[in-house]
Every structure is written in C-alpha cells, then in structure tokens.
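S.K.: Contents are compact mmCIF, C-alpha atoms and all ligand atoms; file name structure23.txt:
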# COMPACT_ATOMS: atom_id res chain seq x y z
CA MET D 11 0.00 0.00 0.00
CA LEU D 12 1.39 3.33 -0.98
CA ALA D 13 1.37 6.22 1.39
CA ALA D 14 -1.42 8.70 0.95
CA PHE D 15 -0.39 11.61 -1.20
CA THR D 16 -1.02 14.93 0.44
CA PRO D 17 0.23 18.34 -0.62
CA GLU D 18 2.00 18.64 2.74
CA LYS D 19 4.11 15.59 1.97
CA VAL D 20 5.24 17.05 -1.32
CA ILE D 21 6.22 20.29 0.34
CA ILE D 22 8.22 18.43 2.99
CA SER D 23 10.08 16.23 0.55
CA THR D 24 10.87 19.07 -1.82
CA SER D 25 11.41 21.73 0.79
CA LYS D 26 13.55 23.96 -1.40
CA ILE D 27 11.34 23.82 -4.45
CA LYS D 28 7.96 25.14 -5.38
CA PRO D 29 6.13 22.20 -6.99
CA VAL D 30 4.70 24.49 -9.67
CA ALA D 31 8.17 25.31 -10.94
CA PHE D 32 9.20 21.77 -11.86
CA VAL D 33 10.40 21.05 -15.33
CA PHE D 34 11.51 17.46 -15.31
CA THR D 35 11.73 15.57 -18.50
CA LEU D 36 13.08 12.32 -19.80
CA ASN D 37 13.62 13.68 -23.28
CA PRO D 38 17.32 12.89 -23.86
CA ASP D 39 17.70 15.66 -26.43
CA GLU D 40 16.47 18.41 -24.20
CA LYS D 41 19.27 20.48 -22.76
CA PRO D 42 18.95 22.45 -19.57
CA ILE D 43 18.18 26.09 -20.42
CA LYS D 44 21.11 27.38 -18.42
CA ASP D 45 24.03 25.32 -17.24
CA ASP D 46 26.07 27.07 -14.60
CA GLY D 47 28.55 24.19 -14.47
CA LYS D 48 27.74 23.35 -10.86
CA LYS D 49 24.65 21.27 -11.38
CA LYS D 50 25.06 18.10 -13.28
CA ALA D 51 22.16 16.33 -14.85
CA ALA D 52 21.00 13.34 -12.85
CA LYS D 53 21.61 10.04 -14.60
CA ARG D 54 19.05 7.37 -13.91
CA ASP D 55 20.50 4.63 -16.06
CA ASP D 56 22.44 4.16 -19.27
CA THR D 57 19.49 4.58 -21.57
CA THR D 58 17.57 7.36 -19.90
CA LYS D 59 19.07 10.74 -19.32
CA THR D 60 17.25 12.96 -16.94
CA SER D 61 17.73 16.64 -17.30
CA ILE D 62 16.56 19.15 -14.80
CA ASN D 63 16.30 22.77 -15.71
CA PRO D 64 18.66 24.33 -13.18
CA SER D 65 17.19 27.77 -13.60
CA LEU D 66 13.99 26.49 -12.08
CA LEU D 67 15.49 24.52 -9.22
CA VAL D 68 16.77 26.07 -6.05
CA LEU D 69 19.07 23.45 -4.64
CA ASN D 70 20.87 23.90 -1.37
CA ASP D 71 24.34 25.03 -2.42
CA GLU D 72 25.94 23.98 0.87
CA HIS D 73 24.86 20.45 0.21
CA GLU D 74 27.80 18.40 -1.02
CA HIS D 75 25.81 15.39 -2.21
CA GLU D 76 23.99 16.65 -5.22
CA GLU D 77 23.07 13.18 -6.43
CA GLU D 78 21.25 12.46 -3.19
CA GLU D 79 19.53 15.79 -3.35
CA VAL D 80 18.36 15.09 -6.88
CA ASP D 81 17.12 11.65 -5.84
CA SER D 82 15.01 13.17 -3.12
CA LEU D 83 13.41 15.37 -5.75
CA LEU D 84 11.91 12.30 -7.34
CA ALA D 85 9.06 12.53 -4.86
CA PHE D 86 6.38 12.84 -7.48
CA PRO D 87 3.19 10.91 -6.81
CA SER D 88 3.78 7.17 -7.21
CA ASN D 89 7.28 7.72 -8.54
CA ASP D 90 8.39 4.34 -7.17
CA LEU D 91 6.03 2.77 -9.71
CA TYR D 92 6.81 5.02 -12.66
CA SER D 93 10.43 6.15 -12.14
CA SER D 94 9.78 9.06 -14.47
CA TRP D 95 7.99 12.36 -14.50
CA ASP D 96 7.44 13.47 -18.06
CA THR D 97 5.58 16.73 -18.51
CA SER D 98 5.70 16.71 -22.31
CA THR D 99 4.80 13.20 -23.50
CA ILE D 100 1.12 12.37 -23.02
CA HIS D 101 1.59 8.58 -22.80
CA PRO D 102 5.21 7.72 -22.01
CA TYR D 103 4.59 4.34 -20.35
CA SER D 104 4.27 0.76 -21.53
CA PHE D 105 1.94 -1.30 -19.36
CA ALA D 106 3.22 -4.54 -20.87
CA GLY D 107 6.78 -3.59 -19.99
CA SER D 108 6.11 -2.14 -16.54
CA PHE D 109 3.39 -4.31 -14.99
CA LYS D 110 5.52 -6.95 -13.32
CA GLN D 111 2.94 -8.76 -11.21
CA ASP D 112 -0.33 -10.49 -12.09
CA SER D 113 -2.52 -8.03 -10.25
CA ALA D 114 -2.49 -4.74 -8.39
CA LEU D 115 -4.96 -3.65 -5.75
CA ILE D 116 -5.40 0.11 -5.71
CA ARG D 117 -7.19 2.06 -3.01
CA LEU D 118 -9.14 4.80 -4.76
CA THR D 119 -9.70 7.03 -1.76
CA GLU D 120 -8.30 7.42 1.72
CA PRO D 121 -10.81 8.14 4.49
CA THR D 122 -8.64 10.85 6.05
CA ASP D 123 -7.65 13.06 3.18
CA CYS D 124 -8.08 11.85 -0.39
CA GLY D 125 -11.68 11.84 -1.56
CA PHE D 126 -13.43 11.54 -4.90
CA ILE D 127 -15.40 14.18 -6.78
CA LEU D 128 -16.99 13.60 -10.19
CA PRO D 129 -15.03 15.69 -12.76
CA PHE D 130 -18.33 16.87 -14.27
CA LYS D 131 -21.89 15.72 -13.67
CA GLY D 132 -23.56 15.14 -17.02
CA ASN D 133 -24.97 12.47 -19.29
CA ILE D 134 -22.60 9.89 -20.67
CA THR D 135 -22.55 10.19 -24.46
CA SER D 136 -19.94 7.55 -25.29
CA VAL D 137 -18.54 4.65 -23.31
CA PHE D 138 -15.18 2.85 -23.12
CA GLY D 139 -14.85 0.40 -26.00
CA TRP D 140 -14.32 -0.09 -29.71
CA ARG D 141 -15.97 2.73 -31.65
CA LYS D 142 -16.01 3.55 -35.36
CA ARG D 143 -12.95 1.42 -36.17
CA ARG D 144 -11.00 3.03 -33.34
CA PRO D 145 -10.49 2.24 -29.68
CA HIS D 146 -12.20 4.70 -27.34
CA TYR D 147 -10.26 4.61 -24.11
CA GLY D 148 -12.43 7.02 -22.16
CA THR D 149 -15.90 7.96 -21.01
CA ASP D 150 -17.48 10.98 -22.69
CA ILE D 151 -19.59 13.29 -20.55
CA ASP D 152 -21.86 15.87 -22.12
CA LEU D 153 -21.25 19.49 -21.09
CA GLU D 154 -21.42 23.06 -22.36
CA THR D 155 -18.25 24.94 -23.32
CA GLY D 156 -17.17 26.91 -20.26
CA ASP D 157 -18.50 24.44 -17.65
CA SER D 158 -16.08 23.87 -14.77
CA VAL D 159 -14.15 20.58 -14.87
CA VAL D 160 -12.57 19.42 -11.59
CA ALA D 161 -9.92 16.93 -10.50
CA ALA D 162 -11.43 13.55 -9.57
CA PHE D 163 -8.83 12.76 -6.88
CA ASP D 164 -5.93 14.52 -5.14
CA GLY D 165 -2.74 14.48 -7.17
CA MET D 166 -0.16 16.41 -9.15
CA VAL D 167 -0.68 17.73 -12.68
CA ARG D 168 1.73 15.96 -15.05
CA ILE D 169 0.39 17.23 -18.38
CA ALA D 170 -1.31 20.57 -19.08
CA LYS D 171 -1.04 21.32 -22.78
CA LEU D 172 -2.61 21.33 -26.21
CA ASN D 173 -2.58 18.04 -28.11
CA ARG D 174 -3.80 17.31 -31.64
CA SER D 175 -6.36 14.66 -30.72
CA TYR D 176 -7.04 15.36 -27.03
CA GLY D 177 -7.18 19.14 -27.58
CA ASN D 178 -6.42 21.01 -24.37
CA VAL D 179 -5.68 18.16 -22.01
CA VAL D 180 -4.83 17.81 -18.33
CA ILE D 181 -3.38 14.59 -16.91
CA ILE D 182 -3.09 14.17 -13.16
CA ARG D 183 -0.87 11.57 -11.44
CA HIS D 184 -2.28 10.21 -8.18
CA ALA D 185 -0.44 8.70 -5.23
CA ASN D 186 -2.03 5.28 -5.76
CA GLY D 187 -0.49 4.95 -9.24
CA LEU D 188 -3.53 5.93 -11.26
CA GLU D 189 -3.55 8.78 -13.73
CA THR D 190 -6.70 10.59 -14.82
CA VAL D 191 -7.09 12.36 -18.18
CA TYR D 192 -9.38 15.33 -18.91
CA ALA D 193 -9.59 16.18 -22.62
CA HIS D 194 -11.13 18.64 -25.13
CA LEU D 195 -11.03 21.51 -22.61
CA SER D 196 -11.60 25.07 -23.86
CA LYS D 197 -9.25 26.39 -21.19
CA ILE D 198 -6.66 24.90 -18.84
CA THR D 199 -6.41 26.55 -15.41
CA VAL D 200 -3.53 24.51 -13.91
CA GLU D 201 0.08 23.88 -14.88
CA ALA D 202 2.42 20.88 -14.82
CA GLY D 203 3.81 20.24 -11.35
CA GLN D 204 0.85 21.81 -9.59
CA VAL D 205 -0.62 19.95 -6.64
CA VAL D 206 -4.41 19.67 -6.90
CA GLU D 207 -7.12 18.38 -4.61
CA ALA D 208 -10.20 16.38 -5.54
CA GLY D 209 -12.87 18.85 -6.61
CA GLN D 210 -10.41 21.60 -7.55
CA ASN D 211 -11.07 23.31 -10.88
CA ILE D 212 -8.50 22.29 -13.52
CA GLY D 213 -10.10 23.76 -16.64
CA LEU D 214 -13.23 24.58 -18.58
CA GLY D 215 -15.12 22.13 -20.75
CA GLY D 216 -14.87 22.55 -24.50
CA ASN D 217 -14.61 21.08 -27.96
CA THR D 218 -10.88 21.26 -28.78
CA GLY D 219 -8.89 18.55 -30.58
CA HIS D 220 -10.58 15.57 -32.23
CA SER D 221 -14.02 16.32 -30.88
CA PHE D 222 -17.44 16.93 -32.38
CA GLY D 223 -19.48 18.87 -29.91
CA SER D 224 -18.59 20.03 -26.41
CA HIS D 225 -17.90 17.20 -24.03
CA LEU D 226 -15.41 15.98 -21.46
CA HIS D 227 -13.40 12.92 -22.46
CA PHE D 228 -12.34 11.35 -19.15
CA GLU D 229 -9.89 8.47 -18.81
CA MET D 230 -8.46 6.45 -15.95
CA ARG D 231 -5.07 4.88 -16.65
CA TYR D 232 -2.65 2.66 -14.75
CA LEU D 233 0.92 2.49 -16.04
CA GLY D 234 -0.41 3.87 -19.28
CA GLN D 235 -3.09 1.21 -19.71
CA ALA D 236 -6.56 2.73 -19.94
CA ILE D 237 -9.21 1.05 -17.79
CA ASP D 238 -12.97 1.48 -17.98
CA ALA D 239 -13.83 4.29 -15.54
CA GLU D 240 -17.41 3.02 -15.42
CA ASP D 241 -16.18 -0.12 -13.65
CA PHE D 242 -15.27 2.08 -10.70
CA ILE D 243 -17.32 5.26 -10.95
CA ASP D 244 -21.10 5.62 -10.87
CA PHE D 245 -21.36 8.63 -13.18
CA ALA D 246 -25.11 9.06 -12.62
CA ASN D 247 -24.76 9.40 -8.85
CA GLY D 248 -21.30 10.94 -8.75
CA THR D 249 -19.98 8.28 -6.40
CA LEU D 250 -17.42 5.48 -6.47
CA LYS D 251 -18.81 2.00 -7.08
CA LYS D 252 -16.06 0.51 -4.95
CA ASN D 253 -13.22 1.90 -2.96
CA GLU D 254 -10.73 -0.56 -4.32
CA CYS D 255 -9.67 -1.00 -7.88
CA MET D 256 -8.23 -4.40 -8.78
CA ILE D 257 -6.22 -4.43 -11.98
CA THR D 258 -5.21 -7.84 -13.22
CA ARG D 259 -3.20 -8.82 -16.26
CA ALA D 260 -6.07 -11.13 -17.27
CA GLU D 261 -8.59 -8.32 -17.10
CA VAL D 262 -6.38 -6.05 -19.17
CA ASP D 263 -6.07 -8.83 -21.77
CA THR D 264 -9.77 -9.66 -21.89
CA LYS D 265 -11.33 -6.26 -21.27
CA TYR D 266 -9.19 -3.15 -21.40
CA ASP D 267 -6.58 -3.69 -24.13
CA LEU D 268 -9.01 -2.72 -26.89
CA ARG D 269 -6.57 -2.89 -29.79
CA ALA D 270 -5.36 -6.42 -28.95
CA LEU D 271 -8.92 -7.57 -28.27
CA HIS D 272 -10.13 -6.23 -31.59
CA THR D 273 -7.32 -7.98 -33.47
CA ARG D 274 -8.09 -11.23 -31.66
CA GLN D 275 -11.82 -11.02 -32.27
CA LYS D 276 -11.23 -10.34 -35.96
CA LYS D 277 -8.98 -13.41 -36.14
CA ASP D 278 -11.61 -15.55 -34.37
CA LEU D 279 -14.28 -14.30 -36.72
CA ASN D 280 -12.18 -15.13 -39.77
CA TYR D 281 -11.41 -18.55 -38.30
CA ALA D 282 -15.08 -19.31 -37.69
CA ARG D 283 -16.06 -17.98 -41.13
CA SER D 284 -13.43 -19.98 -42.96
CA GLY D 285 -14.85 -23.17 -41.47
CA SER D 286 -11.34 -24.41 -41.01
CA GLY D 287 -9.92 -26.43 -38.16
CA LYS D 288 -12.47 -27.84 -35.79
CA ALA D 289 -15.28 -25.58 -36.82
CA THR D 290 -18.68 -27.18 -37.09
CA GLY D 291 -21.90 -25.86 -38.52
CA LYS D 292 -22.92 -24.44 -35.16
CA GLY D 293 -19.60 -23.11 -33.96
CA ARG D 294 -16.32 -24.55 -32.81
CA VAL D 295 -15.54 -27.57 -30.68
CA TYR D 296 -13.26 -27.21 -27.69
CA THR D 297 -11.36 -30.12 -26.13
CA VAL D 298 -11.17 -29.93 -22.31
CA LYS D 299 -7.63 -29.62 -21.02
CA LYS D 300 -6.08 -30.05 -17.60
CA GLY D 301 -7.09 -27.31 -15.18
CA ASP D 302 -10.04 -26.16 -17.30
CA THR D 303 -13.23 -24.92 -15.74
CA LEU D 304 -16.35 -23.82 -17.57
CA GLY D 305 -15.44 -20.24 -16.68
CA ARG D 306 -11.97 -20.53 -18.13
CA ILE D 307 -13.25 -22.22 -21.30
CA ALA D 308 -15.85 -19.47 -21.68
CA GLN D 309 -13.19 -16.79 -21.28
CA LYS D 310 -10.79 -18.46 -23.72
CA ASN D 311 -13.51 -18.68 -26.34
CA HIS D 312 -15.07 -15.27 -25.75
CA THR D 313 -18.39 -16.76 -24.70
CA THR D 314 -20.30 -17.31 -21.46
CA ILE D 315 -20.76 -20.32 -19.17
CA SER D 316 -24.52 -20.33 -19.75
CA ALA D 317 -24.05 -20.27 -23.55
CA ILE D 318 -21.74 -23.31 -23.36
CA CYS D 319 -24.19 -25.15 -21.06
CA LYS D 320 -27.07 -24.44 -23.42
CA LYS D 321 -25.17 -25.56 -26.52
CA ASN D 322 -24.08 -28.79 -24.88
CA GLY D 323 -27.21 -29.48 -22.84
CA ILE D 324 -25.24 -29.63 -19.58
CA LYS D 325 -25.64 -28.06 -16.16
CA GLN D 326 -23.19 -25.49 -14.77
CA SER D 327 -22.33 -27.96 -12.01
CA LYS D 328 -21.31 -30.64 -14.54
CA LEU D 329 -17.86 -32.13 -13.90
CA LEU D 330 -15.63 -31.87 -16.94
CA ARG D 331 -13.57 -34.79 -18.20
CA LEU D 332 -10.13 -34.40 -19.74
CA GLY D 333 -10.45 -34.70 -23.50
CA GLN D 334 -14.18 -34.06 -23.44
CA LYS D 335 -15.46 -32.17 -26.51
CA LEU D 336 -17.62 -29.12 -25.92
CA LYS D 337 -19.36 -26.93 -28.47
CA VAL D 338 -18.41 -23.32 -27.85
ZN ZN L 1 -14.06 10.41 -25.80
Show the structure stored in the file as structure tokens.

M.R.:
Amino acid sequence: MLAAFTPEKVIISTSKIKPVAFVFTLNPDEKPIKDDGKKKAAKRDDTTKTSINPSLLVLNDEHEHEEEEVDSLLAFPSNDLYSSWDTSTIHPYSFAGSFKQDSALIRLTEPTDCGFILPFKGNITSVFGWRKRRPHYGTDIDLETGDSVVAAFDGMVRIAKLNRSYGNVVIIRHANGLETVYAHLSKITVEAGQVVEAGQNIGLGGNTGHSFGSHLHFEMRYLGQAIDAEDFIDFANGTLKKNECMITRAEVDTKYDLRALHTRQKKDLNYARSGSGKATGKGRVYTVKKGDTLGRIAQKNHTTISAICKKNGIKQSKLLRLGQKLKV
C-alpha cells in the first residue's frame, strides 16, 4: 500500500522547491536552459538521461551530495512505480513492460484526506470500448463549453497542454499509481507540477482537438493502460462503485486492451467464417484440457458459461472430463 499523497508531503520532501516550478523531462535531447557548471544532470541509467532545468530549481548550495539531493526530488506521486515524470509526452509508459505482477490492488480514496469528486456531472454520451474502427479509451460526458471541470482525486498535474487529438488536455498523477485524463477543454487553469485536490477546478469544458461537440473525455489509466472508468465510478450518482480497484493482467487482456482484443476477435471471426480447423456448422468444438473450468473455457472462447451449457445441454455444475469435446 502506498502512502497517501497529500500536498504537505510534497512540500516536505521538496522543501527547497515550489512544486509548480518543476520542469523534469526524460527527453534525452532536451538540454537544460542554463548550465552554470555546478549542477550536473541526474543520470538514472544508461538509456535514460534525466535533465533538470537548473534555472527552475533552487538546490541547497551547501549540500555536497547533489546526487542524493536530486534523488530526493523524485518525490512525485507514485514515482516508485513510474520512475519518471514526463511533462511533455502524453503517454510515455508501456503497461506490458512495466506491470511486473499479475494483479495490483489500488485504493481509490483514503478516508482521512483523499476523496473523490466527479469531474463533471452530465450524461454519458460515449462509453469505453471499440468505436467507429477506433479504440475509445475514455468515457465521454456531455457538457457546455465553459463548464467547470474538476480533479477527480488529489494528485499532481503531469500534463497541461494542447494536443492534436485530445485538444487542451490535463493529466493528473495520483499517489495510488492511477492517472486521470481530462480532454477537449476550452481552457486549462492549472500547470504541470501543480498539486491539486479532488474537486479543484482544472479547466473549462470545451470542444478542442478531435471532438465533435462540447464534451469531457475522461480516462483512468494505470501504467499507461486505460481502464474502464465506469467499472469504478457511478457517473449518474457521482460516487465510487467501490473503494478498491483491482487491476489484473487477465482483465487487461480480456477487457481493457481494446486494440489487442479487436485484433483477436477479428482473427476468431475469420477462423469461424473460414470453417477451417475444428469448426462445425454451429460453432467450434473445444477439447477440455487439464485445469479447465467452464469459466476458463468461456473466457478463452469469448463466450459465457450459460451459452456453453445451453449448446451442450449440460448443467453449470457438470464435472468436466479431460479430453471431453464441448461446443463453444
Ligand atoms: Zn471520448
């Protein structure tokens, strides 16, 4: 469990720096604006150069151990998980490369300080999923241009800029590892590095970028992987559905990774259409393997337990035999 992220903690850990003044980028080509020769760029590893704009940092000059000082500056929300703070690249992470375990349990709110506020209360006009030959990784909420959009949870603004498809977009990093995205804004009222609280205004709703009609495009992401916000947020009531958010590799594979899912479904469809392999007139036949359950077979074949039971005239409680053939 990660420590709760509070503005006080940021101020303590970066006592010499105003959080709003951070420019911290992993772009290897970007040179510090002014190099006075005293401050050397922190090196994280051989492949990633980290440059800090020295004109914006007020380091303690008496301090001999600059490397240590720089390390302590890495106190951005959930930095242990991300190891980078990139204020220019919208999506710098690779979930597949960074998600090392099978699942992660994330507390969405802390009873003492970190609450949840709906970014904007309005009708949902488009949901998470495949849409018009493109993946739609967010939830669209209807609004009028100029309506106030607020931060869903406490956090620190990582991105506050104009982007071709997102339009004016704000991305906030939260202490629990989640990031939230607020797109198509007509105006941004925060800047990168700024600490924000749940419910704090971050911009005004709009129709900028790839958008047809004023709305808020809201995303929840973990290590760059978009997840369906409607699994966790009741948008009609403005409340959380659950206080914990379980992200599993299996769920990402079967639910959230829209591009991979689409490719797989297209392949399955072609396979079924071609009538090749074990396809029968009424669908495919699956041979039960070791460790299989009806649930697992249903998941593997993109169907449901009840559909399999119906097709095969069996009950859900039926014991499966190894090698048994099931219509799926
Ligand atoms: Zn959208």

S.K.: Residues contacting ligand ZN 1 (chain L) - anything with an atom at most 10 Å away, using all atoms listed in the file - can you give me those as a short mmCIF file (atom, residue, chain, number, x, y, z; two decimals) with C-alpha atoms, keeping the file's coordinate frame?

M.R.:
data_model
loop_
_atom_site.label_atom_id
_atom_site.label_comp_id
_atom_site.auth_asym_id
_atom_site.auth_seq_id
_atom_site.Cartn_x
_atom_site.Cartn_y
_atom_site.Cartn_z
CA ILE D 134 -22.60 9.89 -20.67
CA THR D 135 -22.55 10.19 -24.46
CA SER D 136 -19.94 7.55 -25.29
CA VAL D 137 -18.54 4.65 -23.31
CA PHE D 138 -15.18 2.85 -23.12
CA ARG D 141 -15.97 2.73 -31.65
CA PRO D 145 -10.49 2.24 -29.68
CA HIS D 146 -12.20 4.70 -27.34
CA TYR D 147 -10.26 4.61 -24.11
CA GLY D 148 -12.43 7.02 -22.16
CA THR D 149 -15.90 7.96 -21.01
CA ASP D 150 -17.48 10.98 -22.69
CA ILE D 151 -19.59 13.29 -20.55
CA TYR D 176 -7.04 15.36 -27.03
CA TYR D 192 -9.38 15.33 -18.91
CA ALA D 193 -9.59 16.18 -22.62
CA HIS D 194 -11.13 18.64 -25.13
CA HIS D 220 -10.58 15.57 -32.23
CA SER D 221 -14.02 16.32 -30.88
CA PHE D 222 -17.44 16.93 -32.38
CA HIS D 225 -17.90 17.20 -24.03
CA LEU D 226 -15.41 15.98 -21.46
CA HIS D 227 -13.40 12.92 -22.46
CA PHE D 228 -12.34 11.35 -19.15
CA GLU D 229 -9.89 8.47 -18.81
#

S.K.: So the first atom is CA of Ala260 (chain D) and the second is CA of Gln326 (chain D); what is the distance between them in Å, to one decimal place?

M.R.: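 Answer for the CA of Ala260 (chain D) to CA of Gln326 (chain D) separation: 22.5 Å.
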
S.K.: Point out the residue among D:Leu172, D:Leu329, D:Ile318, D:Ala106 with the least atom-to-atom distance to Ala270 (chain D), counting only C-alpha atoms.

M.R.: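 Among the listed residues, the smallest separation from Ala270 (chain D) belongs to D:Ala106.
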
S.K.: Select, from D:Phe163, D:Phe242, D:Phe105, D:Phe130, the residue with the minimum atom-to-atom distance to Val262 (chain D), counting only C-alpha atoms.

M.R.: D:Phe105

S.K.: Considering only C-alpha atoms, return as an MDAnalysis selection string whatever protein or nucleic-acid residues lie within 12 Å of Thr155 (chain D), sequence-local ones (same chain, fewer than 3 positions apart) excluded.

M.R.: chainID D and resid 152 158:159 194:197 213:218 223:226

S.K.: One number please: CA of Arg274 (chain D) to CA of Tyr296 (chain D), in Å, one decimal.

M.R.: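 So the answer is 17.3 Å.
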
S.K.: Check the smallest atom-to-atom distance from each of D:Leu271, D:Val205, D:Met230, D:Ala185 to Tyr92 (chain D) using only C-alpha atoms, then report the winner.

M.R.: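 Ranking D:Leu271, D:Val205, D:Met230, D:Ala185 by distance to Tyr92 (chain D), first place goes to D:Ala185.
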
S.K.: Report as a ChimeraX atom specification all protein, DNA and RNA residues lying within 12 Å of Ser108 (chain D), evaluated on only C-alpha atoms, omitting residues in the same chain fewer than 2 positions from it.

M.R.: /D:90-94,102-106,110-112,232-235,259

S.K.: Separation of CA of Leu128 (chain D) and CA of Val160 (chain D), in Å?

M.R.: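 Spanning CA of Leu128 (chain D) to CA of Val160 (chain D) is a straight-line distance of 7.4 Å.
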
S.K.: With N, CA and C atoms as the goal, would you fill in the gaps in region 117-138 of chain D and present it as a short mmCIF file (atom, residue, chain, number, x, y, z; two decimals), in the frame of the given file?

M.R.:
data_model
loop_
_atom_site.label_atom_id
_atom_site.label_comp_id
_atom_site.auth_asym_id
_atom_site.auth_seq_id
_atom_site.Cartn_x
_atom_site.Cartn_y
_atom_site.Cartn_z
N ARG D 117 -6.18 1.35 -3.81
CA ARG D 117 -7.19 2.06 -3.01
C ARG D 117 -7.51 3.36 -3.71
N LEU D 118 -8.78 3.59 -4.02
CA LEU D 118 -9.14 4.80 -4.76
C LEU D 118 -9.18 6.03 -3.88
N THR D 119 -9.66 5.88 -2.67
CA THR D 119 -9.70 7.03 -1.76
C THR D 119 -9.18 6.62 -0.40
N GLU D 120 -8.73 7.63 0.34
CA GLU D 120 -8.30 7.42 1.72
C GLU D 120 -9.30 8.15 2.60
N PRO D 121 -9.78 7.50 3.68
CA PRO D 121 -10.81 8.14 4.49
C PRO D 121 -10.37 9.48 5.08
N THR D 122 -9.08 9.62 5.38
CA THR D 122 -8.64 10.85 6.05
C THR D 122 -8.51 12.05 5.13
N ASP D 123 -7.90 11.85 3.96
CA ASP D 123 -7.65 13.06 3.18
C ASP D 123 -8.07 13.00 1.70
N CYS D 124 -7.87 11.86 1.06
CA CYS D 124 -8.08 11.85 -0.39
C CYS D 124 -9.46 11.33 -0.75
N GLY D 125 -10.32 12.23 -1.21
CA GLY D 125 -11.68 11.84 -1.56
C GLY D 125 -11.85 11.73 -3.06
N PHE D 126 -13.11 11.59 -3.47
CA PHE D 126 -13.43 11.54 -4.90
C PHE D 126 -14.52 12.55 -5.20
N ILE D 127 -14.36 13.28 -6.28
CA ILE D 127 -15.40 14.18 -6.78
C ILE D 127 -15.52 13.93 -8.28
N LEU D 128 -16.77 13.80 -8.76
CA LEU D 128 -16.99 13.60 -10.19
C LEU D 128 -16.43 14.80 -10.96
N PRO D 129 -15.63 14.55 -12.02
CA PRO D 129 -15.03 15.69 -12.76
C PRO D 129 -16.08 16.64 -13.34
N PHE D 130 -17.19 16.05 -13.83
CA PHE D 130 -18.33 16.87 -14.27
C PHE D 130 -19.57 15.97 -14.25
N LYS D 131 -20.67 16.52 -13.72
CA LYS D 131 -21.89 15.72 -13.67
C LYS D 131 -22.72 15.98 -14.93
N GLY D 132 -22.80 14.99 -15.77
CA GLY D 132 -23.56 15.14 -17.02
C GLY D 132 -23.86 13.78 -17.60
N ASN D 133 -24.62 13.75 -18.67
CA ASN D 133 -24.97 12.47 -19.29
C ASN D 133 -23.77 11.88 -20.01
N ILE D 134 -23.66 10.57 -19.93
CA ILE D 134 -22.60 9.89 -20.67
C ILE D 134 -23.03 9.76 -22.13
N THR D 135 -22.19 10.24 -23.04
CA THR D 135 -22.55 10.19 -24.46
C THR D 135 -21.77 9.13 -25.23
N SER D 136 -20.68 8.62 -24.64
CA SER D 136 -19.94 7.55 -25.29
C SER D 136 -19.16 6.80 -24.22
N VAL D 137 -19.16 5.47 -24.34
CA VAL D 137 -18.54 4.65 -23.31
C VAL D 137 -17.18 4.12 -23.77
N PHE D 138 -16.47 3.51 -22.85
CA PHE D 138 -15.18 2.85 -23.12
C PHE D 138 -15.44 1.67 -24.05
#
